[in-house]
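Asker: One file is attached below, target04.txt, containing compact mmCIF, C-alpha atoms.
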```txt
# COMPACT_ATOMS: atom_id res chain seq x y z
CA MET A 1 -41.82 -19.21 75.38
CA PHE A 2 -39.38 -20.72 77.88
CA LYS A 3 -37.11 -21.96 75.07
CA ASN A 4 -36.95 -18.46 73.58
CA LYS A 5 -35.89 -16.96 76.92
CA VAL A 6 -33.18 -19.60 77.37
CA PHE A 7 -31.97 -19.05 73.82
CA ILE A 8 -31.82 -15.26 74.29
CA PHE A 9 -30.03 -15.72 77.62
CA LEU A 10 -27.42 -17.99 76.03
CA ILE A 11 -26.83 -15.60 73.15
CA CYS A 12 -26.42 -12.67 75.56
CA PHE A 13 -24.11 -14.72 77.77
CA PHE A 14 -21.81 -15.69 74.90
CA LEU A 15 -21.80 -12.19 73.44
CA ASP A 16 -20.85 -10.80 76.84
CA LEU A 17 -18.14 -13.44 77.18
CA ILE A 18 -16.72 -12.71 73.71
CA TYR A 19 -17.05 -8.93 74.09
CA GLY A 20 -15.38 -9.06 77.51
CA LEU A 21 -12.42 -10.96 76.06
CA ILE A 22 -11.96 -8.57 73.15
CA ILE A 23 -12.52 -5.25 74.91
CA PRO A 24 -11.75 -5.27 78.62
CA ALA A 25 -14.31 -3.69 80.92
CA PRO A 26 -13.49 -0.12 82.04
CA SER A 27 -13.13 -1.39 85.62
CA LYS A 28 -10.05 -3.38 84.48
CA TRP A 29 -8.40 -0.56 82.49
CA GLN A 30 -6.50 0.93 85.43
CA SER A 31 -4.95 -2.42 86.45
CA ILE A 32 -3.99 -3.31 82.85
CA ALA A 33 -2.29 0.07 82.40
CA ARG A 34 -0.51 -0.23 85.76
CA LYS A 35 0.85 -3.70 84.85
CA LEU A 36 2.23 -2.35 81.57
CA GLU A 37 3.82 0.63 83.34
CA GLU A 38 5.36 -1.52 86.08
CA SER A 39 6.79 -4.00 83.57
CA GLN A 40 8.97 -1.26 82.04
CA PRO A 41 12.49 -0.69 83.34
CA LYS A 42 12.89 2.65 85.09
CA LEU A 43 14.61 5.35 83.06
CA VAL A 44 16.14 8.46 84.53
CA SER A 45 15.75 11.80 82.81
CA PHE A 46 18.39 14.47 83.41
CA GLN A 47 17.93 18.22 83.51
CA PRO A 48 18.72 19.91 80.19
CA GLY A 49 21.87 22.04 80.18
CA GLY A 50 24.18 19.43 81.63
CA TRP A 51 22.87 19.18 85.16
CA ASP A 52 23.61 15.78 86.57
CA GLN A 53 20.63 15.62 88.89
CA PRO A 54 17.79 13.36 87.76
CA ILE A 55 14.46 15.16 87.61
CA GLU A 56 12.26 12.09 87.49
CA ALA A 57 12.34 8.34 87.13
CA MET A 58 10.01 7.21 84.37
CA ARG A 59 8.88 3.88 83.03
CA VAL A 60 7.62 5.26 79.72
CA TYR A 61 9.53 6.14 76.55
CA SER A 62 8.84 9.45 74.79
CA LYS A 63 10.37 11.82 72.22
CA THR A 64 12.88 13.06 74.78
CA LEU A 65 13.36 9.98 76.96
CA LEU A 66 14.44 6.80 75.22
CA PRO A 67 17.30 4.30 75.29
CA GLU A 68 20.50 5.16 73.45
CA GLY A 69 20.30 4.15 69.79
CA TRP A 70 16.49 4.19 69.71
CA GLU A 71 16.13 7.67 68.19
CA GLY A 72 14.49 6.29 65.03
CA LYS A 73 12.00 4.21 66.99
CA ALA A 74 10.11 7.22 68.38
CA GLU A 75 8.49 8.04 65.03
CA THR A 76 6.82 4.63 64.75
CA HIS A 77 5.98 4.05 68.43
CA ILE A 78 4.70 7.35 69.83
CA PRO A 79 0.90 7.57 69.71
CA LYS A 80 -0.64 10.63 68.07
CA MET A 81 -3.98 11.90 69.29
CA ILE A 82 -6.43 14.21 67.57
CA LEU A 83 -9.80 15.56 68.61
CA LYS A 84 -12.55 15.24 65.98
CA GLY A 85 -15.53 17.06 67.41
CA LYS A 86 -16.66 14.94 70.34
CA ARG A 87 -14.53 11.95 69.25
CA VAL A 88 -10.88 11.21 70.07
CA GLN A 89 -8.64 9.31 67.67
CA VAL A 90 -5.32 7.75 68.66
CA SER A 91 -3.04 6.34 65.97
CA ILE A 92 0.47 4.92 65.72
CA THR A 93 2.40 4.54 62.46
CA HIS A 94 3.70 1.15 63.56
CA GLU A 95 3.66 -1.83 61.19
CA MET A 96 1.58 -4.71 62.50
CA ASN A 97 3.36 -7.88 61.43
CA PRO A 98 2.11 -11.28 62.66
CA THR A 99 5.10 -13.11 61.12
CA LYS A 100 7.77 -11.35 63.23
CA PRO A 101 5.80 -10.93 65.72
CA HIS A 102 6.26 -7.21 66.36
CA PHE A 103 3.16 -5.11 66.95
CA ILE A 104 1.31 -2.62 69.16
CA ASP A 105 -0.67 -4.71 71.65
CA THR A 106 -2.32 -2.01 73.79
CA ILE A 107 -3.42 1.60 73.37
CA TYR A 108 -4.76 3.53 76.33
CA VAL A 109 -5.47 7.12 77.30
CA TYR A 110 -5.16 8.82 80.66
CA GLY A 111 -7.42 11.76 81.38
CA LYS A 112 -7.67 14.14 84.28
CA LYS A 113 -11.18 13.96 85.69
CA ASP A 114 -12.22 15.59 88.94
CA GLY A 115 -8.59 16.35 89.80
CA ASN A 116 -7.34 12.77 89.45
CA PRO A 117 -5.69 11.19 86.40
CA GLU A 118 -7.31 7.92 85.39
CA VAL A 119 -7.48 5.62 82.39
CA VAL A 120 -10.46 6.83 80.34
CA TYR A 121 -10.00 4.45 77.41
CA LEU A 122 -8.11 1.21 76.72
CA ALA A 123 -8.04 -1.20 73.78
CA GLN A 124 -6.01 -4.37 73.41
CA LEU A 125 -4.92 -5.21 69.86
CA ASP A 126 -3.30 -8.24 68.30
CA GLU A 127 -0.83 -8.77 65.50
CA TYR A 128 -3.64 -9.33 63.01
CA ASP A 129 -5.08 -5.82 63.38
CA ASP A 130 -4.25 -3.99 60.16
CA ASN A 131 -3.68 -0.60 61.69
CA PRO A 132 -3.15 0.52 65.29
CA VAL A 133 -5.88 3.19 65.35
CA VAL A 134 -8.63 3.57 67.94
CA GLU A 135 -11.46 6.06 68.25
CA PHE A 136 -13.74 6.77 71.20
CA ASP A 137 -16.13 9.37 72.58
CA LEU A 138 -14.55 12.28 74.42
CA PRO A 139 -15.21 11.62 78.12
CA ARG A 140 -17.15 14.20 80.13
CA ASN A 141 -15.42 16.48 82.64
CA VAL A 142 -11.91 15.83 81.29
CA GLN A 143 -9.30 18.59 81.55
CA TRP A 144 -6.58 16.83 79.53
CA LEU A 145 -5.82 13.55 77.76
CA MET A 146 -2.52 11.72 77.22
CA PRO A 147 -2.16 8.66 74.94
CA PHE A 148 0.02 5.60 75.58
CA ALA A 149 0.92 2.68 73.30
CA HIS A 150 2.65 -0.57 74.20
CA CYS A 151 4.79 -2.39 71.63
CA ASN A 152 5.39 -6.05 72.41
CA GLU A 153 9.07 -5.60 71.48
CA HIS A 154 9.95 -1.99 72.41
CA GLY A 155 7.79 -1.34 75.47
CA LEU A 156 5.54 1.52 76.55
CA TRP A 157 5.49 4.94 74.83
CA ASN A 158 3.53 8.11 75.51
CA GLY A 159 2.38 10.82 73.15
CA ASP A 160 1.75 14.50 73.67
CA LYS A 161 -0.80 15.64 76.23
CA LEU A 162 -3.91 17.23 74.76
CA ASP A 163 -5.00 20.08 77.01
CA LEU A 164 -8.74 20.64 76.87
CA GLY A 165 -8.70 23.69 79.13
CA HIS A 166 -11.38 23.93 81.78
CA LYS A 167 -13.60 21.01 82.61
CA ARG A 168 -15.66 19.99 79.61
CA GLU A 169 -18.99 19.72 81.40
CA GLU A 170 -20.93 20.80 78.34
CA LEU A 171 -20.22 17.54 76.53
```
Take the structure in this file and express it as structure tokens.

Answerer:
Amino acid sequence: MFKNKVFIFLICFFLDLIYGLIIPAPSKWQSIARKLEESQPKLVSFQPGGWDQPIEAMRVYSKTLLPEGWEGKAETHIPKMILKGKRVQVSITHEMNPTKPHFIDTIYVYGKKDGNPEVVYLAQLDEYDDNPVVEFDLPRNVQWLMPFAHCNEHGLWNGDKLDLGHKREEL
């Protein structure tokens, strides 16, 4: 009896250790996202129409805010998010190539819950993942979601915000 309990404990311990290394605990998501955001150089976006006053300093690339000459990179780096019932899918059409190495290493999603944006999902990938696609349950009480993807070579990118309207308490 004692040997069985020790054996079960060891199996649970190693599974927790392995699982914790592969998928970070939700309590660590916010700090992982913050480190990625702070590692980006600040970009300045200017008002459309020729105004020379910056409207915001960002650390994230997007369709409209990217370094000169990177126009073609947006298509393969910006995460796309779709809602499938009560599931959320985030995908990026980025090639995952372990020989270069050039790949998407992190996908995360901010959501507005109870008035405060927070990371509601995060997955860390490696160059051996075939396809940078993640799927997760739609969190409760979320008003909107916004996906982010980090490329080990071209930095952090954000996709379009998905507005869910009023709080989704029924989920």

Asker: Tell me which protein, DNA and RNA residues are within 9 Å of region 138-148 of chain A, counting only C-alpha atoms, leaving out same-chain ones fewer than 2 positions away, and put them as a count of residues only.

Answerer: 42

Asker: Which residue, A:Val133, A:Met96, A:Ile104, A:Leu122, has the smallest gap to Ser27 (chain A) when you use all atoms listed in the file?

Answerer: A:Leu122

Asker: Report the distance between CA of Tyr128 (chain A) and CA of Pro98 (chain A) in Å, rounded to one decimal place.

Answerer: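 Separation between CA of Tyr128 (chain A) and CA of Pro98 (chain A): 6.1 Å.
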
Asker: State, in Å with one decimal place, the distance from CA of Asp137 (chain A) to CA of Gln89 (chain A).

Answerer: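 So the two atoms, CA of Asp137 (chain A) and CA of Gln89 (chain A), lie 9.0 Å apart.
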
Asker: Mind pulling up the distance from CA of Glu127 (chain A) to CA of His102 (chain A)?

Answerer: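 Distance reported for this atom pair: 7.3 Å.
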
Asker: Generate the coordinates of N, CA, C and O atoms for region 81-96 of chain A; report them as a compact mmCIF listing (two decimals), in the frame of the given file.

Answerer:
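What follows is the written file rebuild-v2.txt:
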```txt
# COMPACT_ATOMS: atom_id res chain seq x y z
N MET A 81 -2.57 11.77 68.94
CA MET A 81 -3.98 11.90 69.29
C MET A 81 -4.56 13.16 68.68
O MET A 81 -3.92 14.22 68.73
N ILE A 82 -5.75 13.04 68.09
CA ILE A 82 -6.43 14.21 67.57
C ILE A 82 -7.88 14.19 68.06
O ILE A 82 -8.46 13.14 68.30
N LEU A 83 -8.42 15.39 68.20
CA LEU A 83 -9.80 15.56 68.61
C LEU A 83 -10.62 15.87 67.37
O LEU A 83 -10.29 16.77 66.61
N LYS A 84 -11.66 15.07 67.14
CA LYS A 84 -12.55 15.24 65.98
C LYS A 84 -13.95 15.48 66.51
O LYS A 84 -14.71 14.55 66.68
N GLY A 85 -14.24 16.75 66.81
CA GLY A 85 -15.53 17.06 67.41
C GLY A 85 -15.59 16.50 68.82
O GLY A 85 -14.80 16.86 69.67
N LYS A 86 -16.53 15.58 69.03
CA LYS A 86 -16.66 14.94 70.34
C LYS A 86 -16.06 13.53 70.34
O LYS A 86 -16.37 12.72 71.20
N ARG A 87 -15.20 13.25 69.35
CA ARG A 87 -14.53 11.95 69.25
C ARG A 87 -13.02 12.17 69.37
O ARG A 87 -12.49 13.19 68.97
N VAL A 88 -12.34 11.19 69.93
CA VAL A 88 -10.88 11.21 70.07
C VAL A 88 -10.33 10.06 69.25
O VAL A 88 -10.83 8.94 69.32
N GLN A 89 -9.29 10.36 68.46
CA GLN A 89 -8.64 9.31 67.67
C GLN A 89 -7.18 9.22 68.08
O GLN A 89 -6.49 10.24 68.18
N VAL A 90 -6.71 8.00 68.33
CA VAL A 90 -5.32 7.75 68.66
C VAL A 90 -4.78 6.80 67.60
O VAL A 90 -5.38 5.76 67.32
N SER A 91 -3.64 7.18 67.01
CA SER A 91 -3.04 6.34 65.97
C SER A 91 -1.53 6.24 66.19
O SER A 91 -0.92 7.11 66.78
N ILE A 92 -0.97 5.15 65.68
CA ILE A 92 0.47 4.92 65.72
C ILE A 92 0.87 4.43 64.34
O ILE A 92 0.18 3.59 63.76
N THR A 93 1.97 4.94 63.80
CA THR A 93 2.40 4.54 62.46
C THR A 93 3.28 3.30 62.52
O THR A 93 4.28 3.20 61.81
N HIS A 94 2.92 2.37 63.34
CA HIS A 94 3.70 1.15 63.56
C HIS A 94 3.17 0.02 62.66
O HIS A 94 1.97 -0.20 62.60
N GLU A 95 4.06 -0.67 62.01
CA GLU A 95 3.66 -1.83 61.19
C GLU A 95 3.18 -2.94 62.12
O GLU A 95 3.78 -3.20 63.16
N MET A 96 2.10 -3.58 61.74
CA MET A 96 1.58 -4.71 62.50
C MET A 96 1.91 -5.97 61.71
O MET A 96 1.31 -6.23 60.67
```
